[in-house]
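> Pasting coords.tsv below, which is TSV, C-alpha atoms (C1' of nucleotides).
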```tsv
chain	number	residue	atom	x	y	z
A	663	MET	CA	40.41	-23.13	44.64
A	664	ASP	CA	39.89	-22.49	40.94
A	665	LYS	CA	41.41	-24.92	38.42
A	666	GLU	CA	42.89	-22.08	36.43
A	667	ILE	CA	44.62	-20.59	39.42
A	668	ILE	CA	46.15	-23.91	40.33
A	669	TYR	CA	47.23	-24.30	36.74
A	670	ASP	CA	49.00	-20.95	36.75
A	671	ILE	CA	50.71	-21.65	40.03
A	672	ARG	CA	51.97	-25.03	38.89
A	673	GLN	CA	53.12	-23.45	35.67
A	674	PHE	CA	55.08	-20.92	37.65
A	675	ASN	CA	56.58	-23.68	39.74
A	676	ARG	CA	57.80	-25.50	36.65
A	677	PHE	CA	59.14	-22.27	35.27
A	678	TYR	CA	60.94	-21.30	38.43
A	679	THR	CA	62.38	-24.79	38.80
A	680	LYS	CA	64.10	-24.06	35.52
A	681	VAL	CA	65.33	-20.65	36.65
A	682	LEU	CA	66.81	-22.08	39.83
A	683	GLY	CA	68.19	-25.02	37.89
A	684	LEU	CA	70.11	-22.67	35.64
A	685	PHE	CA	71.61	-20.96	38.64
A	686	ASN	CA	72.55	-24.21	40.27
A	687	ASN	CA	74.03	-25.95	37.31
A	688	GLN	CA	75.95	-22.99	36.04
A	689	ILE	CA	79.03	-24.00	37.95
A	690	LEU	CA	80.12	-21.39	40.41
A	691	ASP	CA	83.76	-21.95	39.68
A	692	THR	CA	84.50	-23.40	43.06
A	693	ASP	CA	84.58	-27.03	44.07
A	694	TYR	CA	81.40	-26.68	46.11
A	695	SER	CA	77.84	-27.67	45.38
A	696	LEU	CA	74.85	-25.40	45.80
A	697	THR	CA	73.88	-27.17	49.00
A	698	GLU	CA	77.32	-26.64	50.42
A	699	ALA	CA	77.26	-22.98	49.43
A	700	ARG	CA	73.92	-22.61	51.10
A	701	ILE	CA	75.25	-24.13	54.31
A	702	LEU	CA	78.15	-21.69	54.41
A	703	PHE	CA	75.70	-18.86	53.81
A	704	GLU	CA	73.44	-19.90	56.66
A	705	ILE	CA	76.33	-20.34	59.08
A	706	SER	CA	77.45	-16.83	58.27
A	707	GLU	CA	73.96	-15.30	58.63
A	708	ARG	CA	73.03	-16.94	61.90
A	709	THR	CA	74.33	-16.25	65.36
A	710	GLU	CA	74.72	-19.38	67.46
A	711	CYS	CA	74.20	-21.64	64.49
A	712	ILE	CA	74.08	-25.36	65.16
A	713	ALA	CA	73.89	-28.26	62.74
A	714	ASN	CA	70.32	-29.05	63.60
A	715	ASN	CA	69.16	-25.57	62.54
A	716	LEU	CA	70.56	-26.24	59.11
A	717	VAL	CA	69.03	-29.68	58.96
A	718	GLN	CA	65.62	-28.14	59.52
A	719	GLU	CA	65.97	-25.05	57.39
A	720	LEU	CA	67.48	-26.81	54.41
A	721	ASN	CA	65.65	-30.12	54.71
A	722	ILE	CA	68.80	-32.19	54.71
A	723	ASP	CA	69.34	-35.52	56.41
A	724	ARG	CA	71.20	-35.29	59.71
A	725	SER	CA	73.83	-37.80	58.76
A	726	TYR	CA	74.47	-36.06	55.48
A	727	MET	CA	74.81	-32.72	57.24
A	728	SER	CA	77.21	-34.23	59.72
A	729	ARG	CA	79.46	-35.41	56.92
A	730	ILE	CA	79.40	-32.12	55.07
A	731	LEU	CA	80.30	-30.20	58.20
A	732	ARG	CA	83.13	-32.58	59.00
A	733	LYS	CA	84.46	-32.07	55.50
A	734	PHE	CA	84.25	-28.29	55.95
A	735	GLU	CA	86.13	-28.58	59.20
A	736	ARG	CA	88.87	-30.69	57.65
A	737	GLU	CA	89.17	-28.14	54.87
A	738	GLY	CA	89.45	-25.31	57.35
A	739	LEU	CA	86.26	-23.53	56.27
A	740	ILE	CA	84.46	-23.76	59.58
A	741	GLU	CA	85.16	-24.32	63.24
A	742	LYS	CA	83.00	-26.22	65.70
A	743	LYS	CA	82.94	-24.97	69.27
A	744	ASN	CA	81.21	-27.10	71.85
A	745	SER	CA	78.39	-25.15	73.46
A	746	PRO	CA	79.12	-24.35	77.11
A	747	ILE	CA	75.39	-24.45	77.93
A	748	ASP	CA	74.45	-27.67	76.17
A	749	SER	CA	77.29	-29.98	75.41
A	750	ARG	CA	75.32	-31.94	72.82
A	751	LYS	CA	75.52	-28.92	70.55
A	752	ASN	CA	78.36	-27.59	68.46
A	753	LEU	CA	78.29	-23.91	67.59
A	754	LEU	CA	79.39	-23.35	64.02
A	755	PHE	CA	81.58	-20.51	62.80
A	756	LEU	CA	83.17	-19.63	59.50
A	757	THR	CA	86.92	-19.29	59.56
A	758	GLY	CA	88.65	-16.54	57.61
A	759	LYS	CA	89.07	-18.99	54.77
A	760	GLY	CA	85.38	-19.87	54.95
A	761	GLU	CA	84.37	-16.24	54.79
A	762	GLU	CA	86.63	-15.67	51.83
A	763	LEU	CA	85.04	-18.56	49.98
A	764	LEU	CA	81.55	-17.36	50.82
A	765	GLU	CA	82.36	-13.89	49.52
A	766	LYS	CA	83.56	-15.39	46.27
A	767	ILE	CA	80.38	-17.43	45.96
A	768	ASN	CA	78.25	-14.42	46.81
A	769	SER	CA	79.77	-12.22	44.19
A	770	GLN	CA	79.38	-14.95	41.59
A	771	SER	CA	75.75	-15.40	42.60
A	772	ASP	CA	75.15	-11.67	42.32
A	773	GLU	CA	76.61	-11.84	38.85
A	774	GLN	CA	74.22	-14.64	37.88
A	775	VAL	CA	71.27	-12.51	38.95
A	776	ILE	CA	72.58	-9.56	36.98
A	777	GLN	CA	72.89	-11.71	33.89
A	778	LEU	CA	69.38	-13.08	34.21
A	779	PHE	CA	67.95	-9.57	34.46
A	780	ASP	CA	70.20	-8.07	31.85
A	781	GLY	CA	68.14	-6.46	29.11
A	782	LEU	CA	65.17	-5.55	31.29
A	783	THR	CA	64.34	-1.93	32.06
A	784	ASN	CA	64.59	-0.63	35.60
A	785	SER	CA	60.86	-0.48	35.89
A	786	GLU	CA	60.51	-4.08	34.76
A	787	ILE	CA	63.14	-5.17	37.25
A	788	ASN	CA	61.25	-3.38	39.97
A	789	GLU	CA	58.00	-4.99	39.01
A	790	ILE	CA	59.60	-8.39	39.30
A	791	ARG	CA	61.18	-7.53	42.59
A	792	ASN	CA	57.91	-6.31	44.03
A	793	SER	CA	56.15	-9.40	42.80
A	794	MET	CA	58.73	-11.56	44.54
A	795	ILE	CA	58.24	-9.65	47.75
A	796	VAL	CA	54.48	-10.16	47.55
A	797	ILE	CA	54.82	-13.89	47.03
A	798	LYS	CA	57.32	-14.33	49.79
A	799	GLU	CA	55.42	-12.25	52.34
A	800	LYS	CA	52.08	-13.88	51.75
A	801	LEU	CA	53.33	-17.44	51.69
A	802	ASP	CA	55.75	-16.85	54.52
A	803	LYS	CA	53.04	-15.48	56.72
A	804	ASN	CA	50.84	-18.40	55.82
A	805	LYS	CA	53.08	-21.41	56.21
A	806	LEU	CA	56.83	-21.39	56.04
B	1089	MET	CA	71.82	-3.09	39.32
B	1090	ASP	CA	71.23	-2.03	42.90
B	1091	LYS	CA	72.68	-4.14	45.73
B	1092	GLU	CA	69.35	-4.14	47.53
B	1093	ILE	CA	67.47	-5.41	44.54
B	1094	ILE	CA	69.93	-8.24	44.05
B	1095	TYR	CA	69.63	-9.01	47.72
B	1096	ASP	CA	65.84	-9.27	47.50
B	1097	ILE	CA	65.98	-11.44	44.42
B	1098	ARG	CA	68.46	-13.82	45.95
B	1099	GLN	CA	66.36	-13.92	49.09
B	1100	PHE	CA	63.37	-14.88	46.99
B	1101	ASN	CA	65.41	-17.56	45.29
B	1102	ARG	CA	66.36	-19.09	48.60
B	1103	PHE	CA	62.79	-18.89	49.74
B	1104	TYR	CA	61.37	-20.46	46.63
B	1105	THR	CA	63.98	-23.21	46.70
B	1106	LYS	CA	62.40	-24.16	49.99
B	1107	VAL	CA	58.86	-24.01	48.60
B	1108	LEU	CA	59.77	-26.24	45.68
B	1109	GLY	CA	61.77	-28.49	47.97
B	1110	LEU	CA	58.70	-29.07	50.10
B	1111	PHE	CA	56.72	-30.05	47.05
B	1112	ASN	CA	59.39	-32.35	45.80
B	1113	ASN	CA	60.18	-34.13	48.99
B	1114	GLN	CA	56.61	-34.54	50.08
B	1115	ILE	CA	56.36	-37.94	48.45
B	1116	LEU	CA	53.71	-38.14	45.83
B	1117	ASP	CA	52.68	-41.61	46.83
B	1118	THR	CA	53.88	-43.19	43.66
B	1119	ASP	CA	57.23	-44.83	43.01
B	1120	TYR	CA	58.32	-41.99	40.75
B	1121	SER	CA	60.63	-39.09	41.35
B	1122	LEU	CA	59.84	-35.48	40.53
B	1123	THR	CA	62.07	-35.63	37.46
B	1124	GLU	CA	60.24	-38.69	36.22
B	1125	ALA	CA	56.88	-37.06	36.85
B	1126	ARG	CA	58.05	-34.02	34.96
B	1127	ILE	CA	59.09	-36.16	31.99
B	1128	LEU	CA	55.67	-37.81	31.83
B	1129	PHE	CA	54.09	-34.38	32.02
B	1130	GLU	CA	56.16	-33.02	29.14
B	1131	ILE	CA	55.52	-36.04	26.95
B	1132	SER	CA	51.83	-35.55	27.49
B	1133	GLU	CA	51.90	-31.80	26.78
B	1134	ARG	CA	54.00	-31.92	23.64
B	1135	THR	CA	53.06	-33.11	20.23
B	1136	GLU	CA	55.87	-34.94	18.46
B	1137	CYS	CA	57.92	-35.13	21.60
B	1138	ILE	CA	61.40	-36.60	21.29
B	1139	ALA	CA	63.96	-37.38	23.96
B	1140	ASN	CA	66.21	-34.53	22.98
B	1141	ASN	CA	63.45	-31.98	23.64
B	1142	LEU	CA	63.25	-33.20	27.19
B	1143	VAL	CA	67.00	-33.21	27.56
B	1144	GLN	CA	67.05	-29.53	26.66
B	1145	GLU	CA	63.96	-28.40	28.49
B	1146	LEU	CA	64.75	-30.21	31.72
B	1147	ASN	CA	68.53	-29.93	31.64
B	1148	ILE	CA	69.11	-33.63	31.99
B	1149	ASP	CA	72.01	-35.65	30.65
B	1150	ARG	CA	71.23	-37.53	27.42
B	1151	SER	CA	72.33	-40.91	28.72
B	1152	TYR	CA	70.35	-40.44	31.89
B	1153	MET	CA	67.26	-39.56	29.88
B	1154	SER	CA	67.77	-42.58	27.68
B	1155	ARG	CA	67.76	-44.83	30.71
B	1156	ILE	CA	64.68	-43.24	32.25
B	1157	LEU	CA	62.77	-43.58	29.00
B	1158	ARG	CA	63.82	-47.17	28.62
B	1159	LYS	CA	62.59	-47.85	32.13
B	1160	PHE	CA	59.27	-46.16	31.29
B	1161	GLU	CA	58.98	-48.30	28.21
B	1162	ARG	CA	59.67	-51.50	30.13
B	1163	GLU	CA	57.05	-50.47	32.66
B	1164	GLY	CA	54.54	-49.83	29.93
B	1165	LEU	CA	54.14	-46.10	30.65
B	1166	ILE	CA	55.32	-44.87	27.26
B	1167	GLU	CA	55.78	-46.07	23.73
B	1168	LYS	CA	58.55	-45.10	21.33
B	1169	LYS	CA	57.70	-44.86	17.67
B	1170	ASN	CA	60.51	-44.37	15.22
B	1171	SER	CA	60.05	-41.15	13.29
B	1172	PRO	CA	59.29	-41.79	9.61
B	1173	ILE	CA	60.98	-38.52	8.64
B	1174	ASP	CA	64.17	-38.78	10.67
B	1175	SER	CA	65.03	-42.25	11.78
B	1176	ARG	CA	67.41	-41.06	14.46
B	1177	LYS	CA	64.44	-39.83	16.42
B	1178	ASN	CA	61.87	-41.70	18.47
B	1179	LEU	CA	58.52	-40.05	18.97
B	1180	LEU	CA	57.31	-40.49	22.52
B	1181	PHE	CA	53.75	-41.23	23.57
B	1182	LEU	CA	52.09	-42.02	26.86
B	1183	THR	CA	50.23	-45.30	26.98
B	1184	GLY	CA	46.90	-45.56	28.77
B	1185	LYS	CA	48.78	-46.68	31.85
B	1186	GLY	CA	51.11	-43.70	31.55
B	1187	GLU	CA	48.21	-41.30	31.28
B	1188	GLU	CA	46.57	-42.85	34.29
B	1189	LEU	CA	49.72	-42.39	36.34
B	1190	LEU	CA	50.13	-38.82	35.17
B	1191	GLU	CA	46.57	-38.03	36.17
B	1192	LYS	CA	47.20	-39.41	39.60
B	1193	ILE	CA	50.35	-37.31	39.94
B	1194	ASN	CA	48.54	-34.25	38.68
B	1195	SER	CA	45.75	-34.49	41.16
B	1196	GLN	CA	48.22	-34.98	43.98
B	1197	SER	CA	50.20	-31.96	42.80
B	1198	ASP	CA	47.04	-29.89	42.69
B	1199	GLU	CA	46.35	-30.96	46.24
B	1200	GLN	CA	49.82	-29.81	47.33
B	1201	VAL	CA	49.16	-26.38	45.89
B	1202	ILE	CA	45.82	-26.19	47.64
B	1203	GLN	CA	47.45	-27.04	50.93
B	1204	LEU	CA	50.15	-24.43	50.51
B	1205	PHE	CA	47.57	-21.74	49.86
B	1206	ASP	CA	45.11	-22.93	52.43
B	1207	GLY	CA	44.31	-20.14	54.88
B	1208	LEU	CA	44.84	-17.28	52.45
B	1209	THR	CA	41.94	-15.15	51.28
B	1210	ASN	CA	40.86	-15.20	47.66
B	1211	SER	CA	42.28	-11.76	47.14
B	1212	GLU	CA	45.62	-12.79	48.57
B	1213	ILE	CA	45.70	-15.86	46.37
B	1214	ASN	CA	45.01	-13.69	43.38
B	1215	GLU	CA	47.74	-11.26	44.30
B	1216	ILE	CA	50.21	-14.13	44.43
B	1217	ARG	CA	48.98	-15.54	41.17
B	1218	ASN	CA	49.31	-12.21	39.42
B	1219	SER	CA	52.77	-11.74	40.83
B	1220	MET	CA	53.78	-15.12	39.47
B	1221	ILE	CA	52.46	-14.22	36.07
B	1222	VAL	CA	54.44	-10.97	36.08
B	1223	ILE	CA	57.66	-12.74	36.99
B	1224	LYS	CA	57.22	-15.47	34.43
B	1225	GLU	CA	56.26	-13.15	31.60
B	1226	LYS	CA	59.06	-10.69	32.13
B	1227	LEU	CA	61.80	-13.25	32.60
B	1228	ASP	CA	60.45	-15.50	29.88
B	1229	LYS	CA	60.44	-12.69	27.39
B	1230	ASN	CA	63.94	-11.80	28.43
B	1231	LYS	CA	65.81	-15.07	28.46
B	1232	LEU	CA	64.24	-18.44	28.90
C	1405	DT	C1'	64.98	-41.94	89.29
C	1406	DC	C1'	63.65	-43.65	84.69
C	1407	DC	C1'	61.83	-42.40	80.39
C	1408	DT	C1'	61.72	-39.42	76.45
C	1409	DT	C1'	63.64	-36.14	73.49
C	1410	DT	C1'	67.39	-33.73	71.18
C	1411	DA	C1'	71.98	-33.50	68.91
C	1412	DG	C1'	75.17	-35.60	66.47
C	1413	DT	C1'	77.97	-39.61	64.45
C	1414	DT	C1'	78.97	-43.83	61.77
C	1415	DG	C1'	78.40	-47.70	58.42
C	1416	DA	C1'	76.06	-49.60	54.72
C	1417	DC	C1'	73.39	-48.71	51.23
C	1418	DT	C1'	70.44	-46.71	47.11
C	1419	DT	C1'	69.38	-43.28	43.87
C	1420	DA	C1'	70.65	-39.68	40.93
C	1421	DG	C1'	73.51	-37.83	37.83
C	1422	DT	C1'	77.94	-37.50	34.98
C	1423	DC	C1'	81.50	-38.64	31.56
C	1424	DC	C1'	83.02	-40.79	27.66
C	1425	DA	C1'	83.08	-43.63	23.71
C	1426	DC	C1'	80.30	-45.26	20.28
C	1427	DA	C1'	76.68	-46.20	16.30
C	1428	DT	C1'	73.42	-44.19	13.16
C	1429	DT	C1'	71.50	-41.01	10.47
C	1430	DA	C1'	70.91	-36.38	8.67
C	1431	DA	C1'	72.55	-31.97	7.14
C	1432	DA	C1'	76.08	-29.02	5.37
C	1433	DT	C1'	79.55	-28.02	2.23
C	1434	DA	C1'	83.56	-28.55	-0.76
D	1469	DT	C1'	78.43	-36.43	-5.20
D	1470	DA	C1'	81.84	-37.37	-1.68
D	1471	DT	C1'	83.27	-36.00	2.66
D	1472	DT	C1'	82.84	-33.62	6.82
D	1473	DT	C1'	80.18	-32.11	10.60
D	1474	DA	C1'	76.27	-32.14	13.61
D	1475	DA	C1'	72.24	-34.35	15.83
D	1476	DT	C1'	70.09	-38.26	18.28
D	1477	DG	C1'	70.31	-41.89	21.08
D	1478	DT	C1'	72.64	-45.91	23.67
D	1479	DG	C1'	75.65	-48.44	26.96
D	1480	DG	C1'	79.50	-48.97	30.37
D	1481	DA	C1'	81.82	-47.28	34.14
D	1482	DC	C1'	81.89	-44.20	37.35
D	1483	DT	C1'	81.11	-40.31	41.17
D	1484	DA	C1'	78.16	-37.54	43.83
D	1485	DA	C1'	74.16	-36.99	46.47
D	1486	DG	C1'	71.08	-38.54	49.59
D	1487	DT	C1'	68.85	-42.14	52.77
D	1488	DC	C1'	68.22	-45.51	56.54
D	1489	DA	C1'	69.10	-47.61	60.72
D	1490	DA	C1'	71.68	-48.23	64.74
D	1491	DC	C1'	74.20	-45.99	68.03
D	1492	DT	C1'	76.30	-42.61	71.87
D	1493	DA	C1'	75.70	-38.95	74.88
D	1494	DA	C1'	73.60	-35.28	77.06
D	1495	DA	C1'	69.20	-32.66	78.58
D	1496	DG	C1'	64.59	-32.26	80.09
D	1497	DG	C1'	60.97	-33.68	82.29
D	1498	DA	C1'	57.16	-36.86	85.01
```
Would you put the structure from the file into structure tokens?

Amino acid sequence: MDKEIIYDIRQFNRFYTKVLGLFNNQILDTDYSLTEARILFEISERTECIANNLVQELNIDRSYMSRILRKFEREGLIEKKNSPIDSRKNLLFLTGKGEELLEKINSQSDEQVIQLFDGLTNSEINEIRNSMIVIKEKLDKNKL
Amino acid sequence: MDKEIIYDIRQFNRFYTKVLGLFNNQILDTDYSLTEARILFEISERTECIANNLVQELNIDRSYMSRILRKFEREGLIEKKNSPIDSRKNLLFLTGKGEELLEKINSQSDEQVIQLFDGLTNSEINEIRNSMIVIKEKLDKNKL
DNA sequence: TCCTTTAGTTGACTTAGTCCACATTAAATA
DNA sequence: TATTTAATGTGGACTAAGTCAACTAAAGGA
């Protein structure tokens, strides 16, 4: 692989670290961290979600995940239902309160994206979008 | 801005969080964190680098930066030279040892990139690279 | 059956990052 | 020029985030 290509890719990685950092630090005015928001999101997207799925997808330590989920449960954001098929597993569900919170987070996240792209023309926005799709598809297919 | 576009962008953000997460967690077999590696990198890239530049570029708390730099100094990775023009500022320089470490980190980082792209054709790699350049240029111009 | 793997929990701990008050020096302005 | 105001960096005390190891309990084989 060519030195220059690697250089450009690493440059992009540094750049995009900053982009994501802005999103993450710009406090979503809730009391939840980005990781926590992401967990709520995944629980809502998945059917039959269990803790171990999240551990793998989000690269989070099992014990840490366990504590976050327990906190969510105490706060009434999720419910754990013991799986009838495999009693080691707990199926995770958002409660009404959890869904409400997620919706709030989602609309704030949408707003962050809008702000980042504010000022660009529609055709520029579309170029970026298409570029993102290319990157994701090719890398996804390859590894992740 | 169209709902679908926002959706795709946020999907990419989640995806790329994972990509970067893989890089960051995959321990560069040194005793330094990604943030620390990034600081060494920036000191090496910049001429007349001062702590406050890094604080702004990397979004790190001033006191935290101060401590990291002090640690680097103790470990002989950097040197601070008081600015003759503005004595509040310390100019930062890598020592030979610091440069050596950075080189090691750089070659390991290059290797990570190679592994991620391993299996893709040259034309696919180039498509990704060009997509990255598009994203960076457009967003850079716009905001960052 | 016994051994291995998977799922999850708990306690103790380390690392990372934040907040605030402070000292110096420089720059701005009355 | 005297007096604010802003920039740069430091240190103490703290909280949040993440890790490690030991454990229980259930499932899935050979």
> Output as a PyMOL selection string the set of chain B residues within 8 Å of chain D, with distances taken over all atoms listed in the file.
chain B and resi 1140+1150-1151+1154+1176-1177
> Mind fitting chain B onto chain A over all Cα atoms in sequence order and sending the result as a compact mmCIF listing (two decimals) with C-alpha atoms, keeping the file's coordinate frame?

```
# COMPACT_ATOMS: atom_id res chain seq x y z
CA MET B 1089 40.40 -23.09 44.71
CA ASP B 1090 39.89 -22.48 41.02
CA LYS B 1091 41.39 -24.92 38.50
CA GLU B 1092 42.86 -22.07 36.50
CA ILE B 1093 44.61 -20.58 39.47
CA ILE B 1094 46.15 -23.91 40.38
CA TYR B 1095 47.19 -24.31 36.79
CA ASP B 1096 48.97 -20.94 36.79
CA ILE B 1097 50.70 -21.65 40.06
CA ARG B 1098 51.94 -25.01 38.93
CA GLN B 1099 53.08 -23.45 35.68
CA PHE B 1100 55.06 -20.91 37.67
CA ASN B 1101 56.56 -23.68 39.74
CA ARG B 1102 57.76 -25.49 36.66
CA PHE B 1103 59.11 -22.27 35.28
CA TYR B 1104 60.93 -21.31 38.43
CA THR B 1105 62.37 -24.80 38.79
CA LYS B 1106 64.08 -24.07 35.51
CA VAL B 1107 65.31 -20.65 36.64
CA LEU B 1108 66.79 -22.09 39.81
CA GLY B 1109 68.16 -25.04 37.88
CA LEU B 1110 70.07 -22.69 35.62
CA PHE B 1111 71.59 -20.99 38.62
CA ASN B 1112 72.51 -24.22 40.25
CA ASN B 1113 74.00 -25.97 37.30
CA GLN B 1114 75.91 -22.99 36.03
CA ILE B 1115 79.00 -23.98 37.95
CA LEU B 1116 80.11 -21.39 40.40
CA ASP B 1117 83.76 -21.95 39.67
CA THR B 1118 84.51 -23.37 43.05
CA ASP B 1119 84.59 -27.02 44.07
CA TYR B 1120 81.42 -26.64 46.11
CA SER B 1121 77.87 -27.63 45.39
CA LEU B 1122 74.86 -25.38 45.81
CA THR B 1123 73.90 -27.17 49.02
CA GLU B 1124 77.36 -26.61 50.43
CA ALA B 1125 77.29 -22.96 49.43
CA ARG B 1126 73.93 -22.61 51.09
CA ILE B 1127 75.27 -24.13 54.31
CA LEU B 1128 78.17 -21.67 54.41
CA PHE B 1129 75.70 -18.87 53.79
CA GLU B 1130 73.44 -19.92 56.66
CA ILE B 1131 76.32 -20.34 59.08
CA SER B 1132 77.42 -16.84 58.25
CA GLU B 1133 73.94 -15.32 58.61
CA ARG B 1134 73.00 -16.98 61.87
CA THR B 1135 74.26 -16.27 65.31
CA GLU B 1136 74.66 -19.39 67.43
CA CYS B 1137 74.19 -21.64 64.46
CA ILE B 1138 74.08 -25.37 65.13
CA ALA B 1139 73.90 -28.27 62.72
CA ASN B 1140 70.32 -29.07 63.57
CA ASN B 1141 69.18 -25.60 62.49
CA LEU B 1142 70.58 -26.25 59.07
CA VAL B 1143 69.08 -29.71 58.94
CA GLN B 1144 65.65 -28.18 59.49
CA GLU B 1145 66.00 -25.09 57.37
CA LEU B 1146 67.52 -26.86 54.38
CA ASN B 1147 65.71 -30.17 54.68
CA ILE B 1148 68.86 -32.23 54.72
CA ASP B 1149 69.43 -35.55 56.43
CA ARG B 1150 71.26 -35.28 59.77
CA SER B 1151 73.97 -37.77 58.87
CA TYR B 1152 74.54 -36.09 55.55
CA MET B 1153 74.89 -32.73 57.26
CA SER B 1154 77.29 -34.20 59.77
CA ARG B 1155 79.53 -35.39 56.97
CA ILE B 1156 79.44 -32.10 55.09
CA LEU B 1157 80.33 -30.18 58.23
CA ARG B 1158 83.15 -32.55 59.01
CA LYS B 1159 84.48 -32.05 55.51
CA PHE B 1160 84.26 -28.26 55.97
CA GLU B 1161 86.14 -28.56 59.21
CA ARG B 1162 88.88 -30.67 57.66
CA GLU B 1163 89.17 -28.12 54.87
CA GLY B 1164 89.45 -25.31 57.36
CA LEU B 1165 86.27 -23.51 56.27
CA ILE B 1166 84.46 -23.75 59.59
CA GLU B 1167 85.15 -24.31 63.25
CA LYS B 1168 82.99 -26.21 65.72
CA LYS B 1169 82.89 -24.98 69.27
CA ASN B 1170 81.15 -27.10 71.84
CA SER B 1171 78.29 -25.19 73.42
CA PRO B 1172 78.96 -24.40 77.09
CA ILE B 1173 75.24 -24.52 77.85
CA ASP B 1174 74.29 -27.73 76.07
CA SER B 1175 77.16 -30.02 75.35
CA ARG B 1176 75.26 -31.96 72.73
CA LYS B 1177 75.48 -28.96 70.47
CA ASN B 1178 78.36 -27.57 68.45
CA LEU B 1179 78.26 -23.91 67.58
CA LEU B 1180 79.37 -23.33 64.02
CA PHE B 1181 81.57 -20.50 62.81
CA LEU B 1182 83.17 -19.63 59.51
CA THR B 1183 86.92 -19.27 59.58
CA GLY B 1184 88.63 -16.52 57.62
CA LYS B 1185 89.06 -18.98 54.78
CA GLY B 1186 85.38 -19.87 54.95
CA GLU B 1187 84.37 -16.24 54.80
CA GLU B 1188 86.63 -15.67 51.85
CA LEU B 1189 85.05 -18.55 49.98
CA LEU B 1190 81.56 -17.37 50.83
CA GLU B 1191 82.36 -13.91 49.53
CA LYS B 1192 83.56 -15.37 46.29
CA ILE B 1193 80.38 -17.42 45.96
CA ASN B 1194 78.26 -14.42 46.80
CA SER B 1195 79.77 -12.22 44.18
CA GLN B 1196 79.38 -14.94 41.59
CA SER B 1197 75.75 -15.41 42.60
CA ASP B 1198 75.15 -11.69 42.31
CA GLU B 1199 76.62 -11.84 38.84
CA GLN B 1200 74.22 -14.64 37.87
CA VAL B 1201 71.28 -12.51 38.93
CA ILE B 1202 72.58 -9.57 36.96
CA GLN B 1203 72.89 -11.72 33.88
CA LEU B 1204 69.38 -13.08 34.22
CA PHE B 1205 67.95 -9.58 34.45
CA ASP B 1206 70.20 -8.08 31.85
CA GLY B 1207 68.13 -6.46 29.10
CA LEU B 1208 65.17 -5.56 31.27
CA THR B 1209 64.35 -1.94 32.04
CA ASN B 1210 64.62 -0.63 35.57
CA SER B 1211 60.87 -0.48 35.86
CA GLU B 1212 60.53 -4.07 34.75
CA ILE B 1213 63.15 -5.17 37.23
CA ASN B 1214 61.28 -3.37 39.95
CA GLU B 1215 58.01 -4.97 38.98
CA ILE B 1216 59.61 -8.39 39.29
CA ARG B 1217 61.21 -7.52 42.58
CA ASN B 1218 57.93 -6.30 44.02
CA SER B 1219 56.17 -9.40 42.80
CA MET B 1220 58.75 -11.55 44.54
CA ILE B 1221 58.27 -9.65 47.75
CA VAL B 1222 54.50 -10.14 47.56
CA ILE B 1223 54.85 -13.87 47.03
CA LYS B 1224 57.36 -14.32 49.80
CA GLU B 1225 55.47 -12.24 52.33
CA LYS B 1226 52.11 -13.84 51.75
CA LEU B 1227 53.35 -17.42 51.70
CA ASP B 1228 55.78 -16.83 54.53
CA LYS B 1229 53.08 -15.44 56.74
CA ASN B 1230 50.90 -18.37 55.85
CA LYS B 1231 53.11 -21.39 56.25
CA LEU B 1232 56.85 -21.37 56.03
```
> I'd like a table as a tab-separated table: residues in chain A with an atom no more than 12 Å from chain C, each row giving the shortest atom pair and its distance in Å to one decimal, all atoms listed in the file counted, sorted by chain and rising residue number.

```
residue	atom	partner	partner_atom	distance
A:Asn687	CA	C:DG1421	C1'	11.9
A:Ile712	CA	C:DA1411	C1'	9.2
A:Ala713	CA	C:DA1411	C1'	8.3
A:Asn714	CA	C:DA1411	C1'	7.1
A:Asn715	CA	C:DA1411	C1'	10.6
A:Val717	CA	C:DA1411	C1'	11.1
A:Asp723	CA	C:DG1412	C1'	11.6
A:Arg724	CA	C:DG1412	C1'	7.8
A:Ser725	CA	C:DT1413	C1'	7.3
A:Tyr726	CA	C:DT1413	C1'	10.3
A:Met727	CA	C:DG1412	C1'	9.7
A:Ser728	CA	C:DG1412	C1'	7.2
A:Arg729	CA	C:DT1413	C1'	8.7
A:Leu731	CA	C:DG1412	C1'	11.1
A:Arg732	CA	C:DT1413	C1'	10.3
A:Asn744	CA	C:DA1411	C1'	11.6
A:Ser745	CA	C:DA1411	C1'	11.5
A:Asp748	CA	C:DA1411	C1'	9.6
A:Ser749	CA	C:DA1411	C1'	9.1
A:Arg750	CA	C:DA1411	C1'	5.4
A:Lys751	CA	C:DA1411	C1'	6.0
A:Asn752	CA	C:DA1411	C1'	8.7
A:Leu753	CA	C:DA1411	C1'	11.6
```
> Give me, as JSON, numbers by chain, all polymer residues having an atom no more than 12 Å from A:Glu735, counting all atoms listed in the file and skipping those fewer than 2 positions away in the same chain.
{"A": [702, 728, 729, 730, 731, 732, 733, 737, 738, 739, 740, 741, 742, 743, 754, 755, 756, 757, 759, 760]}
> Between A:Ile747, A:Ile722, A:Ile795, A:Ile671, single out the one closest to B:Phe1205, counting all atoms listed in the file.
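Among A:Ile747, A:Ile722, A:Ile795, A:Ile671, it is A:Ile671 that comes nearest to B:Phe1205.
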> Out of A:Phe677, A:Phe703, A:Tyr694, A:Phe734, which residue has the shortest atom-to-atom distance to chain B when counting all atoms listed in the file?
A:Phe677
> Please find the residues of chain B near chain A - the criterion being any atom within 9 Å, counting all atoms listed in the file - and write them as a ChimeraX atom specification.
/B:1089,1091,1093-1098,1100-1110,1113,1126,1145-1147,1197-1198,1201-1202,1204-1208,1210,1212-1224,1226-1228,1230-1232
> Please, what distance in Å, to one decimal, runs between atom CA of B:Glu1191 and atom CA of B:Asp1117?
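Separation between atom CA of B:Glu1191 and atom CA of B:Asp1117: 12.8 Å.
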